[in-house]
Amino acid sequence: MAGDTVRLGIVGAGGRGASFKATCDTLPDVQIQAVCDVDEARAQRVAELTGAKQTFTDYEQMLEKADIDAVIVATPMPLHAPQSVAALRRNIHVLSEVPAAVSVEECKQLVQAVRESKAVYMMAENYIYAKPIVLVKELVRRGLFGTTYYAEGEYIHELKELNELTPWRRRWQTGINGNTYPTHSIGPILEWMPGDRVVSVCCAGSGHHYRDARGELYENEDSTITLCKMRSGGLVKLRLDMLSDRPHAMNVYQLQGTDGCYESARAPGEHDRVWLRDLCPDMNTWLPLHELEEQFLPEDWKRQEELARRTGHGGGDYFVLADFLAAVRGERPPAVDVHTALDMTLPGLMSQVSIAQGGRWVDVPDSRVWGTEEEPKPQLQMVFPPHRFASLPEPPIPAGYRLRQIRPGEEEKYLALMRKVGFAEGWTVADVQRFMRNVLPGGFFVVEHEPTGELVATAMANHAPREQHPNAGVLDWVAADPAHQGKGLGKVVTAAVVRLLIQRGYERIYLLTDDWRLPAIATYLSLGWEPYIYDEQMRERWEKVMGRMHV
Ligand SMILES: NC(=O)c1ccc[n+]([C@@H]2O[C@H](COP(=O)([O-])OP(=O)(O)OC[C@H]3O[C@@H](n4cnc5c(N)ncnc54)[C@H](O)[C@@H]3O)[C@@H](O)[C@H]2O)c1
């Protein structure tokens with residue numbers, strides 16, 4: 001820093017990048033020193049607007065040559081993580097636009113870069129600073145909501161035209177199904193559920209009713225709903241809609257606690273309202289939220305309100321930059337550090353996995369354990385290679401056993417089998433019914449032991465694309481009753497699933513398994529499955545597994 005002044009470089013001189021000029025004007029000891037944009041004219045224009053002395057068209061050059069302490073990353077979404085990582089590696093502080101990243105892999109790289117850097121990383125989630133959000137947070141902090149356990153957040157922002165002006169939005173916001181822009185919705189809610197995080201998500205959409213300027217349907221469904229299960233057991237519902245024709249509603253929320261609730265206004269002219277057991281005369285009387293400002297809005301917010309009003313997003317832009325500069329100066333930790341940023345980003349990324357898998361509940365990783373002992377090891381993967389499709393063996397079904405589909409009403413029998421092999425901890429009949437609904441048609445195989453009517457083996461075929469296997473089918477939940485060992489039943493159900501996936505046209509067929517499941521792996525190998533080795537660690541793990549199989 002030159003004296004106490006923090007010198008900023010802005011990368012991305014579009015609408016958002018330029019907006020930081022108004023914010024910098026409200027704060028002392030900060031100056032925009034450099035501007036970088038691949039579009040030189042834009043870089044020049046924003047440099048003139050902000051008084052920046054240096055302009056660049058190459059980001060690496062700016063990092064290398066500009067006299068800057070920090071960068072504001074205001075480029076399209078897929079550049080946020082790589083550009084943040086590049087700055088952190090040079091110990092240049094980063095304020096990154098939202099969301100933090102566009103893939104789980106990028107999130108991991110970001111966490112590692114933050115760990116290894118001396119610089120501060122903060123994500124510029126600005127909605128968390130808006131007055132109603134801060135006021136509700138204070139009411140929660142004072143215990144007036146009791147325990148908060150349910151919330152809703154909506155981001156409804158019709159941007160079909162903006163999509164054409166900023167084509168990256170067409171690709172990254174409306175070109176992927178699921179919640180592609182979650183931080184403004186989940187961010188405030190996490191402020192009201194302190195210490196909590198989303199542990200799993202399930203996402204579904206409302207279908208496609210609009211076309212882009214070229215007549216193409218958007219990949220993202222018009223409205224998607226993401227249900228978030230919280231670590232505390234609570235539930236959050238997020239709605240994202242960037243396509244439907246209707247007025248904007250970008251900051252619409254609800255919160256429910258044991259002693260109070262909050263509903264934000266949906267349209268101009270309406271008021272935010274709360275019901276709080278301690279302050280309302282009965283259970284039918286709402287209080288306008290603004291009536292609580294004088295008593296409960298934190299002094300800090302009130303004191304800076306005048307300045308904050310001169311910036312965008314209800315003053316949120318002012319507080320984001322003020323907090324970032326305080327963190328750069330070492331006065332306090334960044335308000336939205338990398339893990340908080342990923343708590344707001346990862347539920348969206350995992351919602352995209354969920355919706356691609358027919359709304360399956362998907363775990364949301366905790367970035368805090370990445371790179372530590374607690375990090376769960378990825379499972380081993382195997383693929384059934386297309387060159388073996390024609391020679392898939394047809395294992396014989398032993399006498400007294402019958403291969404068929406599961407039937408409604410057999411949920412308890414299925415659970416009994418799964419418990420025997422140690423799979424079904426915590427599963428309920430409703431979970432099995434969900435499997436039945438989501439499985440590929442004709443893909444829920446069981447083997448019945450005819451003399452007893454028991455189910456003694458099972459496997460499932462699911463549509464389950466993942467980053468490494470786009471448009472893939474998976475062999476799921478293979479189990480065989482140990483009491484019926486040696487009859488080749490695991491082979492029977494596995495081959496049945498593979499055959500079905502081939503018939504349905506899948507070219508990529510994979511499974512997940514664990515290093516210690518040697519008999520199961522032997523079964524898969526004997527049918528023609530092959531280890532899927534994608535990095536050095538996997539190679540080492542497979543070498544060990546194969547070594548143990550041959551002793
Ligand atoms: N927090 C908020 O409230 C808020 C509001 C608006 C936008 N945003 C975020 O800000 C970001 C930018 O949005 P925008 O509306 O300004 O988009 P924009 O398209 O107007 O601007 C992006 C700019 O980045 C430049 N760019 C692209 N690739 C580059 C590269 N490799 N190096 C340097 N410059 C490059 C483009 O030329 C363009 O000028 C987005 O991630 C968006 O989600 C956040």
# chains A, B, ... in the order shown; residues from 1 in each chain; ligands from 1

$ residues_near_ligand --ligand "ligand 1" --cutoff "8 Å" --atoms "only C-alpha atoms and all ligand atoms" --output "PyMOL selection string"
chain A and resi 11-18+36-39+42-43+57-59+73-80+97-99+124-127+165-169+181+184+313+317

$ residues_around --residues "A:Ala119" --least-positions-apart "2" --cutoff "9 Å" --atoms "only C-alpha atoms" --output "short mmCIF file (atom, residue, chain, number, x, y, z; two decimals) with C-alpha atoms, in the first residue's frame"
data_model
loop_
_atom_site.label_atom_id
_atom_site.label_comp_id
_atom_site.auth_asym_id
_atom_site.auth_seq_id
_atom_site.Cartn_x
_atom_site.Cartn_y
_atom_site.Cartn_z
CA ALA A 70 -5.86 -5.55 -4.71
CA ALA A 87 -3.98 -12.78 -8.07
CA LEU A 88 -3.78 -14.74 -4.81
CA ARG A 89 -0.70 -16.56 -6.13
CA ARG A 90 0.98 -13.15 -6.38
CA ASN A 91 -0.28 -12.18 -2.92
CA ILE A 92 -2.58 -9.56 -4.41
CA HIS A 93 -5.83 -9.18 -2.44
CA VAL A 94 -9.04 -10.18 -4.23
CA VAL A 114 -6.43 -18.85 -0.36
CA GLU A 116 -1.31 -20.66 0.28
CA SER A 117 -1.63 -16.88 -0.16
CA TYR A 121 -9.95 -13.13 -0.49
CA VAL A 328 -7.01 -5.65 3.54
#

$ residues_around --residues "A:Gly146" --least-positions-apart "2" --cutoff "6 Å" --atoms "only C-alpha atoms" --output "PyMOL selection string"
chain A and resi 143-144+257-259

$ write_last_selection --atoms "N, CA, C and O atoms" --output "mmCIF file, in the first residue's frame"
data_model
loop_
_atom_site.group_PDB
_atom_site.id
_atom_site.type_symbol
_atom_site.label_atom_id
_atom_site.label_comp_id
_atom_site.auth_asym_id
_atom_site.auth_seq_id
_atom_site.Cartn_x
_atom_site.Cartn_y
_atom_site.Cartn_z
ATOM 1 N N GLY A 143 -32.356 -12.809 19.566
ATOM 2 C CA GLY A 143 -33.202 -13.924 19.990
ATOM 3 C C GLY A 143 -34.680 -13.708 19.724
ATOM 4 O O GLY A 143 -35.520 -14.505 20.157
ATOM 5 N N LEU A 144 -35.051 -12.645 19.004
ATOM 6 C CA LEU A 144 -36.478 -12.338 18.846
ATOM 7 C C LEU A 144 -37.202 -13.291 17.895
ATOM 8 O O LEU A 144 -38.426 -13.363 17.890
ATOM 9 N N GLY A 257 -39.026 -18.593 12.386
ATOM 10 C CA GLY A 257 -38.360 -19.089 13.586
ATOM 11 C C GLY A 257 -39.406 -19.565 14.573
ATOM 12 O O GLY A 257 -40.607 -19.426 14.325
ATOM 13 N N THR A 258 -38.963 -20.100 15.709
ATOM 14 C CA THR A 258 -39.934 -20.600 16.687
ATOM 15 C C THR A 258 -40.701 -19.452 17.341
ATOM 16 O O THR A 258 -41.803 -19.645 17.846
ATOM 17 N N ASP A 259 -40.127 -18.223 17.322
ATOM 18 C CA ASP A 259 -40.799 -17.100 17.981
ATOM 19 C C ASP A 259 -41.094 -15.932 17.063
ATOM 20 O O ASP A 259 -41.461 -14.847 17.542
#

$ select_by_dssp --residues "stretch 276-484 of chain A" --states "strand (DSSP E)" --output "count of residues only"
39

$ closest_residue --among "A:Gln381, A:Asn438, A:Gln485, A:Ser103" --to "A:Glu467" --atoms "only C-alpha atoms"
A:Ser103

$ atom_distance --atom1 "atom CA of A:Gly207" --atom2 "atom CA of A:Phe444"
26.5 Å

$ atom_distance --atom1 "atom CA of A:Gln405" --atom2 "atom CA of A:Arg517"
25.4 Å

$ closest_residue --among "A:Tyr401, A:Met193, A:Gly51, A:Met460" --to "A:Arg141" --atoms "only C-alpha atoms"
A:Met193

$ atom_distance --atom1 "atom CA of A:Asp272" --atom2 "atom CA of A:Arg246"
20.6 Å
